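Structure file my_file.tsv with TSV, C-alpha atoms:
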```
chain	number	residue	atom	x	y	z
A	910	MET	CA	-40.51	-15.75	-8.51
A	911	ARG	CA	-38.49	-15.55	-5.30
A	912	VAL	CA	-36.29	-18.47	-6.38
A	913	LEU	CA	-35.83	-16.88	-9.80
A	914	GLY	CA	-34.80	-13.61	-8.17
A	915	GLN	CA	-32.19	-15.39	-6.06
A	916	ILE	CA	-30.83	-17.18	-9.12
A	917	VAL	CA	-30.54	-13.91	-11.03
A	918	ARG	CA	-28.90	-12.22	-8.01
A	919	HIS	CA	-26.31	-14.97	-7.61
A	920	LEU	CA	-25.67	-15.03	-11.35
A	921	LEU	CA	-25.01	-11.28	-11.36
A	922	LEU	CA	-22.72	-11.63	-8.35
A	923	ALA	CA	-20.83	-14.44	-10.08
A	924	LEU	CA	-20.41	-12.36	-13.23
A	925	GLY	CA	-19.23	-9.43	-11.14
A	926	GLY	CA	-16.71	-11.68	-9.38
A	927	VAL	CA	-15.37	-12.96	-12.69
A	928	TYR	CA	-15.12	-9.39	-13.99
A	929	MET	CA	-13.16	-8.29	-10.91
A	930	LEU	CA	-10.88	-11.34	-10.76
A	931	ALA	CA	-10.13	-11.62	-14.49
A	932	PRO	CA	-7.30	-9.01	-14.49
A	933	ILE	CA	-5.67	-10.68	-11.46
A	934	ILE	CA	-5.91	-14.13	-13.05
A	935	LEU	CA	-4.47	-12.76	-16.30
A	936	MET	CA	-1.63	-11.09	-14.40
A	937	LEU	CA	-0.77	-14.31	-12.56
A	938	ALA	CA	-0.92	-16.38	-15.75
A	939	SER	CA	1.28	-13.89	-17.59
A	940	ALA	CA	3.82	-13.85	-14.76
A	941	PHE	CA	4.56	-17.54	-15.39
A	942	THR	CA	4.44	-17.33	-19.20
A	943	PRO	CA	7.31	-16.36	-21.54
A	944	THR	CA	6.78	-13.06	-23.36
A	945	ALA	CA	6.69	-14.81	-26.75
A	946	ASP	CA	3.82	-17.03	-25.60
A	947	ILE	CA	1.96	-14.02	-24.17
A	948	LEU	CA	2.15	-12.24	-27.51
A	949	ALA	CA	0.84	-15.40	-29.18
A	950	GLY	CA	-1.97	-15.76	-26.63
A	951	ARG	CA	-0.67	-19.12	-25.30
A	952	TYR	CA	-0.82	-18.48	-21.58
A	953	LEU	CA	0.85	-21.13	-19.41
A	954	ALA	CA	1.66	-23.24	-22.48
A	955	HIS	CA	5.26	-23.39	-21.24
A	956	PRO	CA	5.24	-22.32	-17.56
A	957	THR	CA	8.47	-20.73	-16.40
A	958	LEU	CA	10.05	-18.85	-13.51
A	959	GLU	CA	12.40	-16.91	-15.77
A	960	ASN	CA	10.25	-13.78	-15.49
A	961	PHE	CA	10.77	-13.68	-11.73
A	962	GLN	CA	14.47	-14.40	-12.17
A	963	ALA	CA	14.74	-11.46	-14.57
A	964	VAL	CA	13.01	-9.17	-12.06
A	965	ALA	CA	15.28	-10.33	-9.23
A	966	GLN	CA	18.36	-9.58	-11.34
A	967	GLN	CA	17.24	-6.10	-12.44
A	968	VAL	CA	15.27	-4.75	-9.48
A	969	PRO	CA	16.34	-4.15	-5.83
A	970	LEU	CA	13.22	-5.85	-4.49
A	971	GLY	CA	14.57	-6.02	-0.94
A	972	THR	CA	14.99	-2.24	-0.85
A	973	TYR	CA	11.50	-1.66	-2.27
A	974	TYR	CA	9.85	-4.03	0.20
A	975	LEU	CA	11.76	-2.60	3.16
A	976	ASN	CA	10.95	1.00	2.21
A	977	SER	CA	7.27	0.16	1.71
A	978	LEU	CA	7.12	-1.62	5.05
A	979	ILE	CA	8.76	1.30	6.86
A	980	VAL	CA	6.42	3.83	5.22
A	981	CYS	CA	3.29	1.79	5.99
A	982	LEU	CA	4.12	1.06	9.63
A	983	ALA	CA	5.48	4.53	10.39
A	984	THR	CA	2.48	6.23	8.80
A	985	PHE	CA	0.06	4.11	10.81
A	986	ALA	CA	1.97	4.55	14.08
A	987	LEU	CA	2.15	8.33	13.70
A	988	GLN	CA	-1.51	8.46	12.71
A	989	LEU	CA	-2.39	6.71	15.97
A	990	LEU	CA	-0.24	9.21	17.88
A	991	VAL	CA	-1.87	12.23	16.24
A	992	CYS	CA	-5.35	11.20	15.16
A	993	VAL	CA	-6.52	9.27	18.23
A	994	PRO	CA	-6.18	12.24	20.65
A	995	ALA	CA	-7.63	14.62	18.04
A	996	ALA	CA	-10.63	12.37	17.42
A	997	PHE	CA	-11.18	11.87	21.16
A	998	ALA	CA	-11.11	15.61	21.77
A	999	MET	CA	-13.61	16.28	18.98
A	1000	ALA	CA	-15.90	13.48	20.14
A	1001	ARG	CA	-15.90	13.75	23.94
A	1002	LEU	CA	-14.39	17.04	25.12
A	1003	ARG	CA	-16.32	20.29	25.35
A	1004	TYR	CA	-14.52	23.38	24.10
A	1005	ARG	CA	-15.34	26.61	22.33
A	1006	GLY	CA	-15.46	26.23	18.54
A	1007	ARG	CA	-15.98	22.47	18.61
A	1008	ASN	CA	-18.65	22.54	15.88
A	1009	ILE	CA	-16.41	24.68	13.70
A	1010	THR	CA	-13.57	22.17	13.96
A	1011	VAL	CA	-15.92	19.37	12.91
A	1012	TRP	CA	-17.02	21.36	9.87
A	1013	LEU	CA	-13.41	22.16	9.00
A	1014	LEU	CA	-12.57	18.47	9.30
A	1015	GLY	CA	-15.32	17.60	6.83
A	1016	LEU	CA	-14.02	20.29	4.48
A	1017	LEU	CA	-10.51	18.83	4.63
A	1018	ILE	CA	-11.87	15.42	3.66
A	1019	LEU	CA	-13.39	16.98	0.53
A	1020	ILE	CA	-10.10	18.58	-0.59
A	1021	PRO	CA	-8.15	16.24	-2.93
A	1022	PHE	CA	-4.55	15.62	-1.93
A	1023	GLN	CA	-3.49	16.61	-5.45
A	1024	VAL	CA	-4.46	20.21	-4.62
A	1025	LEU	CA	-2.01	20.27	-1.71
A	1026	ALA	CA	0.78	18.31	-3.39
A	1027	ILE	CA	2.71	21.24	-4.87
A	1028	PRO	CA	2.70	23.43	-1.70
A	1029	ILE	CA	3.81	20.44	0.40
A	1030	TYR	CA	6.51	19.63	-2.15
A	1031	LEU	CA	7.85	23.21	-1.99
A	1032	ILE	CA	7.97	23.07	1.82
A	1033	PHE	CA	9.78	19.72	1.79
A	1034	ARG	CA	12.27	21.00	-0.76
A	1035	GLN	CA	13.08	23.96	1.47
A	1036	VAL	CA	13.81	21.71	4.45
A	1037	GLY	CA	15.70	19.08	2.45
A	1038	LEU	CA	13.27	16.17	2.69
A	1039	ILE	CA	13.02	15.43	-1.03
A	1040	ASN	CA	13.95	11.84	-1.93
A	1041	THR	CA	13.71	10.63	1.67
A	1042	LEU	CA	11.35	8.27	3.50
A	1043	PRO	CA	10.01	11.02	5.83
A	1044	ALA	CA	8.72	12.81	2.73
A	1045	LEU	CA	6.50	9.77	2.03
A	1046	ILE	CA	5.24	9.60	5.61
A	1047	LEU	CA	4.70	13.08	7.05
A	1048	PRO	CA	1.97	14.38	4.67
A	1049	PHE	CA	-0.38	11.58	5.75
A	1050	VAL	CA	0.13	11.66	9.51
A	1051	GLY	CA	-2.68	14.12	10.28
A	1052	SER	CA	-5.28	12.35	8.15
A	1053	ALA	CA	-8.69	14.06	8.20
A	1054	PHE	CA	-10.33	10.78	7.21
A	1055	ALA	CA	-8.65	8.95	10.09
A	1056	ILE	CA	-9.76	11.57	12.60
A	1057	PHE	CA	-13.32	11.52	11.29
A	1058	LEU	CA	-13.50	7.72	11.27
A	1059	LEU	CA	-12.25	7.47	14.85
A	1060	ARG	CA	-14.45	10.35	16.01
A	1061	GLN	CA	-17.56	8.58	14.75
A	1062	PHE	CA	-16.55	5.43	16.62
A	1063	PHE	CA	-15.79	7.34	19.83
A	1064	LEU	CA	-19.21	8.99	19.65
A	1065	ALA	CA	-20.80	5.53	19.58
A	1066	LEU	CA	-19.11	4.43	22.82
A	1067	PRO	CA	-21.56	4.31	25.76
A	1068	GLY	CA	-21.57	7.40	27.95
A	1069	SER	CA	-21.71	5.24	31.08
A	1070	MET	CA	-18.13	4.20	30.34
A	1071	PHE	CA	-16.95	7.80	30.65
A	1072	ASP	CA	-19.14	8.49	33.67
A	1073	ALA	CA	-17.57	5.53	35.48
A	1074	ALA	CA	-14.09	6.77	34.60
A	1075	THR	CA	-14.93	10.22	35.98
A	1076	LEU	CA	-16.27	8.72	39.22
A	1077	ASP	CA	-13.06	6.72	39.58
A	1078	GLY	CA	-11.07	9.94	39.30
A	1079	ALA	CA	-9.53	9.19	35.92
A	1080	GLY	CA	-8.28	12.22	34.03
A	1081	THR	CA	-8.63	12.85	30.31
A	1082	LEU	CA	-5.35	11.16	29.38
A	1083	ALA	CA	-6.01	8.15	31.63
A	1084	THR	CA	-9.50	7.77	30.17
A	1085	LEU	CA	-8.09	7.83	26.65
A	1086	ILE	CA	-5.30	5.33	27.29
A	1087	GLN	CA	-6.97	2.93	29.72
A	1088	ILE	CA	-10.57	2.93	28.47
A	1089	VAL	CA	-11.07	4.43	25.02
A	1090	ILE	CA	-8.16	2.85	23.17
A	1091	PRO	CA	-8.79	-0.73	24.41
A	1092	ALA	CA	-12.49	-0.37	23.57
A	1093	SER	CA	-11.68	0.99	20.11
A	1094	ARG	CA	-9.64	-1.93	18.84
A	1095	PRO	CA	-12.01	-2.65	15.87
A	1096	ALA	CA	-11.80	0.97	14.69
A	1097	LEU	CA	-8.02	1.09	15.11
A	1098	LEU	CA	-7.53	-2.18	13.23
A	1099	SER	CA	-9.82	-0.96	10.47
A	1100	LEU	CA	-7.87	2.28	10.26
A	1101	GLY	CA	-4.71	0.19	10.00
A	1102	VAL	CA	-6.15	-1.73	7.06
A	1103	PHE	CA	-6.99	1.45	5.15
A	1104	THR	CA	-3.75	3.23	6.05
A	1105	ILE	CA	-1.42	0.35	5.17
A	1106	THR	CA	-3.26	-0.46	1.94
A	1107	SER	CA	-3.21	3.17	0.84
A	1108	ALA	CA	0.45	3.69	1.77
A	1109	TRP	CA	1.53	0.46	0.05
A	1110	ASN	CA	-0.25	1.30	-3.20
A	1111	ALA	CA	0.58	5.03	-3.30
A	1112	TYR	CA	2.32	6.24	-6.43
A	1113	PHE	CA	1.18	9.82	-7.06
A	1114	TRP	CA	3.04	11.38	-4.13
A	1115	PRO	CA	6.19	9.21	-4.44
A	1116	SER	CA	6.41	10.25	-8.09
A	1117	PHE	CA	6.64	13.86	-6.84
A	1118	VAL	CA	9.30	13.50	-4.17
A	1119	LEU	CA	11.44	10.54	-5.31
A	1120	SER	CA	14.12	10.63	-7.99
A	1121	ASP	CA	15.99	7.33	-7.52
A	1122	SER	CA	15.62	3.89	-5.97
A	1123	SER	CA	17.23	4.64	-2.61
A	1124	SER	CA	13.89	5.53	-1.00
A	1125	ALA	CA	11.58	4.01	-3.61
A	1126	THR	CA	8.53	2.00	-2.62
A	1127	ILE	CA	6.97	-0.87	-4.53
A	1128	PRO	CA	4.65	1.13	-6.88
A	1129	PHE	CA	7.45	3.55	-7.77
A	1130	GLY	CA	9.72	0.59	-8.48
A	1131	VAL	CA	7.09	-1.04	-10.70
A	1132	VAL	CA	6.75	2.08	-12.84
A	1133	GLN	CA	10.53	2.49	-13.04
A	1134	PHE	CA	10.84	-1.11	-14.22
A	1135	ILE	CA	8.12	-0.68	-16.84
A	1136	ASN	CA	9.74	2.51	-18.11
A	1137	SER	CA	13.16	0.83	-18.36
A	1138	ASP	CA	14.42	-1.37	-21.15
A	1139	ALA	CA	11.72	-3.92	-20.33
A	1140	VAL	CA	9.00	-2.00	-22.21
A	1141	THR	CA	7.99	-5.00	-24.32
A	1142	ALA	CA	8.97	-7.65	-21.78
A	1143	TYR	CA	5.41	-8.35	-20.69
A	1144	GLY	CA	6.32	-11.49	-18.77
A	1145	PRO	CA	8.78	-9.76	-16.39
A	1146	GLN	CA	6.39	-6.82	-16.12
A	1147	MET	CA	3.60	-9.10	-14.90
A	1148	ALA	CA	6.04	-10.86	-12.58
A	1149	MET	CA	6.98	-7.50	-11.08
A	1150	ALA	CA	3.31	-6.57	-10.73
A	1151	THR	CA	2.61	-9.91	-9.04
A	1152	LEU	CA	5.42	-9.38	-6.55
A	1153	SER	CA	4.13	-5.89	-5.80
A	1154	VAL	CA	0.60	-6.99	-4.85
A	1155	LEU	CA	1.50	-10.37	-3.35
A	1156	PRO	CA	1.96	-9.09	0.24
A	1157	LEU	CA	-1.42	-7.35	0.16
A	1158	LEU	CA	-3.13	-10.43	-1.28
A	1159	ILE	CA	-1.65	-12.61	1.45
A	1160	ALA	CA	-2.60	-10.07	4.12
A	1161	PHE	CA	-6.14	-9.92	2.77
A	1162	LEU	CA	-6.51	-13.69	2.99
A	1163	PHE	CA	-5.63	-13.56	6.68
A	1164	ALA	CA	-7.49	-10.32	7.51
A	1165	GLN	CA	-10.49	-10.33	5.19
A	1166	ARG	CA	-12.96	-10.24	8.09
A	1167	GLN	CA	-11.28	-7.16	9.53
A	1168	PHE	CA	-11.16	-5.56	6.09
A	1169	ILE	CA	-14.91	-6.04	5.64
A	1170	ARG	CA	-15.48	-4.62	9.12
A	1171	GLY	CA	-13.38	-1.64	8.11
A	1172	LEU	CA	-15.59	-1.04	5.10
A	1173	ALA	CA	-18.64	-1.15	7.38
A	1174	LEU	CA	-17.08	1.37	9.77
A	1175	ALA	CA	-16.18	3.63	6.86
A	1176	GLY	CA	-19.81	3.50	5.74
A	1177	GLN	CA	-20.96	4.47	9.22
A	1178	ALA	CA	-18.48	7.33	9.29
A	1179	GLY	CA	-19.84	8.60	6.01
```

Please express what this file holds, its structure, as structure tokens.
Amino acid sequence: MRVLGQIVRHLLLALGGVYMLAPIILMLASAFTPTADILAGRYLAHPTLENFQAVAQQVPLGTYYLNSLIVCLATFALQLLVCVPAAFAMARLRYRGRNITVWLLGLLILIPFQVLAIPIYLIFRQVGLINTLPALILPFVGSAFAIFLLRQFFLALPGSMFDAATLDGAGTLATLIQIVIPASRPALLSLGVFTITSAWNAYFWPSFVLSDSSSATIPFGVVQFINSDAVTAYGPQMAMATLSVLPLLIAFLFAQRQFIRGLALAGQAG
């Protein structure tokens, strides 16, 4: 019975893997197939690179990639600057109202970003940030999830580490920079995985604050391309989709262990 259970478990996992990978495989096959063959169901009958050539001619891919890279790296860097001190304070410092701030942090995590989108948009319009890269970055700098994730990790650090720092005469800032941050590399890398993945794939907020391609990121560019004259050009559409997810797929291949660790840390934070 135990062997049978293992067979059934592995079979279910295999079916789940096929179910999850099927859309990606179909996308890749369609990207190298002429639109006429896609409509006829003859995938890869006549492999071609014309779909990618069509995308390169119609879409400013360099601009999209550069904007996405700037948004991802800037968002993560500013999150480290803001969220690491905030999480350290909530985890290790003693101050009046500490429990209230933790409860408020949990409440912020429960509030969907869509609820705050219109007020933030109105503020950005007043200060002239619409259709700029800062508009894609600033709303996600003070991430409640990032603070909570890091706080949970800081709480798990051994107290003896902080006692030794106090005995050595290290102040709060020195303790944070010299001890906490080096010891928190797994949590910071995991936060980077979630932040960069989320920023790269974001479309809802860019659709609010962007109106042209000058500051467009990859998802916004994909939707613009699909809504252009290429509505029925399924081959170029799949080529564009492939180019949009290719960097993340490559990054996942090199950082899958860290990504899995990030999922584990997120589960602990929850």

Give me the residues of segment 1062-1171 of chain A that have any atom at most 12 Å from an atom of segment 993-1011 of chain A; for each, the nearest atom pair and the distance in Å, rounded to one decimal. Use only C-alpha atoms, sort by chain and number, and format it as a Markdown table.
```
| residue | atom | partner | partner_atom | distance |
| --- | --- | --- | --- | --- |
| A:Phe1062 | CA | A:Ala1000 | CA | 8.8 |
| A:Phe1063 | CA | A:Ala1000 | CA | 6.1 |
| A:Leu1064 | CA | A:Ala1000 | CA | 5.6 |
| A:Ala1065 | CA | A:Ala1000 | CA | 9.4 |
| A:Leu1066 | CA | A:Arg1001 | CA | 9.9 |
| A:Pro1067 | CA | A:Arg1001 | CA | 11.2 |
| A:Gly1068 | CA | A:Arg1001 | CA | 9.4 |
| A:Met1070 | CA | A:Arg1001 | CA | 11.7 |
| A:Phe1071 | CA | A:Arg1001 | CA | 9.0 |
| A:Asp1072 | CA | A:Arg1001 | CA | 11.5 |
| A:Gly1080 | CA | A:Leu1002 | CA | 11.8 |
| A:Thr1081 | CA | A:Leu1002 | CA | 8.8 |
| A:Leu1082 | CA | A:Pro994 | CA | 8.8 |
| A:Ala1083 | CA | A:Pro994 | CA | 11.7 |
| A:Thr1084 | CA | A:Phe997 | CA | 10.0 |
| A:Leu1085 | CA | A:Phe997 | CA | 7.5 |
| A:Ile1086 | CA | A:Pro994 | CA | 9.6 |
| A:Ile1088 | CA | A:Phe997 | CA | 11.6 |
| A:Val1089 | CA | A:Phe997 | CA | 8.4 |
| A:Ile1090 | CA | A:Val993 | CA | 8.3 |
| A:Pro1091 | CA | A:Val993 | CA | 12.0 |
| A:Ser1093 | CA | A:Val993 | CA | 9.9 |
| A:Arg1094 | CA | A:Val993 | CA | 11.6 |
| A:Ala1096 | CA | A:Val993 | CA | 10.5 |
| A:Leu1097 | CA | A:Val993 | CA | 8.9 |
| A:Leu1100 | CA | A:Val993 | CA | 10.7 |
```

Written selection (C-alpha atoms) as a tab-separated table (two decimals), in the coordinates of the input:
```tsv
chain	number	residue	atom	x	y	z
A	1062	PHE	CA	-16.55	5.43	16.62
A	1063	PHE	CA	-15.79	7.34	19.83
A	1064	LEU	CA	-19.21	8.99	19.65
A	1065	ALA	CA	-20.80	5.53	19.58
A	1066	LEU	CA	-19.11	4.43	22.82
A	1067	PRO	CA	-21.56	4.31	25.76
A	1068	GLY	CA	-21.57	7.40	27.95
A	1070	MET	CA	-18.13	4.20	30.34
A	1071	PHE	CA	-16.95	7.80	30.65
A	1072	ASP	CA	-19.14	8.49	33.67
A	1080	GLY	CA	-8.28	12.22	34.03
A	1081	THR	CA	-8.63	12.85	30.31
A	1082	LEU	CA	-5.35	11.16	29.38
A	1083	ALA	CA	-6.01	8.15	31.63
A	1084	THR	CA	-9.50	7.77	30.17
A	1085	LEU	CA	-8.09	7.83	26.65
A	1086	ILE	CA	-5.30	5.33	27.29
A	1088	ILE	CA	-10.57	2.93	28.47
A	1089	VAL	CA	-11.07	4.43	25.02
A	1090	ILE	CA	-8.16	2.85	23.17
A	1091	PRO	CA	-8.79	-0.73	24.41
A	1093	SER	CA	-11.68	0.99	20.11
A	1094	ARG	CA	-9.64	-1.93	18.84
A	1096	ALA	CA	-11.80	0.97	14.69
A	1097	LEU	CA	-8.02	1.09	15.11
A	1100	LEU	CA	-7.87	2.28	10.26
```

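Near Tyr1143 of chain A, within 12 Å and counting all atoms listed in the file, sit Leu935, Met936, Leu937, Ala938, Ser939, Ala940, Phe941, Thr942, Pro943, Thr944, Ala945, Asp946, Ile947, Leu948, Ala949, Tyr952, Asn960, Phe961, Ala963, Val964, Phe1134, Ile1135, Asn1136, Asp1138, Ala1148, Met1149 and Ala1150 of chain A, not including residues fewer than 5 positions from it in the same chain.
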
Exercise for the section: Give me, please, the distance in Å between atom CA of Tyr974 of chain A and atom CA of Ser1120 of chain A, quoted to one decimal. Expected result: 17.3 Å

Completion exercise
atom CA of Gln1061 of chain A sits from atom CA of Val1102 of chain A at a separation of 17.2 Å

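Using all atoms listed in the file, the smallest distance between any of A:Gln967, A:Ser1116, A:Gln988, A:Thr957 and Phe1054 of chain A comes from A:Gln988.
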
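Nearest to Pro1128 of chain A of all the residues A:Phe1161, A:Phe1049, A:Tyr1112, A:Phe1057 is A:Tyr1112, based on all atoms listed in the file.
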
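Each of A:Ala1055, A:Ala1108, A:Val991, A:Ala1044 was checked against Leu1014 of chain A using all atoms listed in the file; the smallest atom-to-atom distance is that of A:Ala1055.
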
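Every protein or nucleic acid residue with an atom no more than 9 Å from Val1154 of chain A, counting all atoms listed in the file and leaving out same-chain residues fewer than 5 positions away, appears here: Trp1109, Asn1110, Ile1127, Met1149 and Ile1159 of chain A.
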
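Nearest to Val1132 of chain A of all the residues A:Pro1048, A:Pro1156, A:Pro1115, A:Pro1021 is A:Pro1115, based on all atoms listed in the file.
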
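Of the listed residues A:Ala1073, A:Leu1157, A:Leu1019, A:Leu1152, the one whose atoms come nearest to Ala965 of chain A is A:Leu1152, with distances taken using only C-alpha atoms.
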
Fill in the blank from the handout: Atom pair atom CA of Pro956 of chain A + atom CA of Pro1145 of chain A, distance 13.1 Å

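When only C-alpha atoms are used to measure the gap to Ser1107 of chain A, the shortest distance among A:Ile1020, A:Cys981, A:Leu987, A:Leu920 belongs to A:Cys981.
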
Against segment 1022-1032 of chain A, which residues of segment 1036-1117 of chain A fall within 8 Å? For each one I want the closest pair of atoms and the distance in Å (one decimal), counting all atoms listed in the file, rows by chain and increasing residue number, as a tab-separated table.
```
residue	atom	partner	partner_atom	distance
A:Val1036	CA	A:Ile1032	CA	6.5
A:Ile1039	CA	A:Tyr1030	CA	7.8
A:Pro1048	CA	A:Ile1029	CA	7.6
A:Trp1114	CA	A:Ala1026	CA	7.3
A:Phe1117	CA	A:Tyr1030	CA	7.4
```

Handout entry: Residues within 6 Å of Thr1126 of chain A, all atoms listed in the file, excluding chain neighbours under 2 positions, as a VMD selection string
Key = chain A and resid 973 976 to 977 1128 to 1129
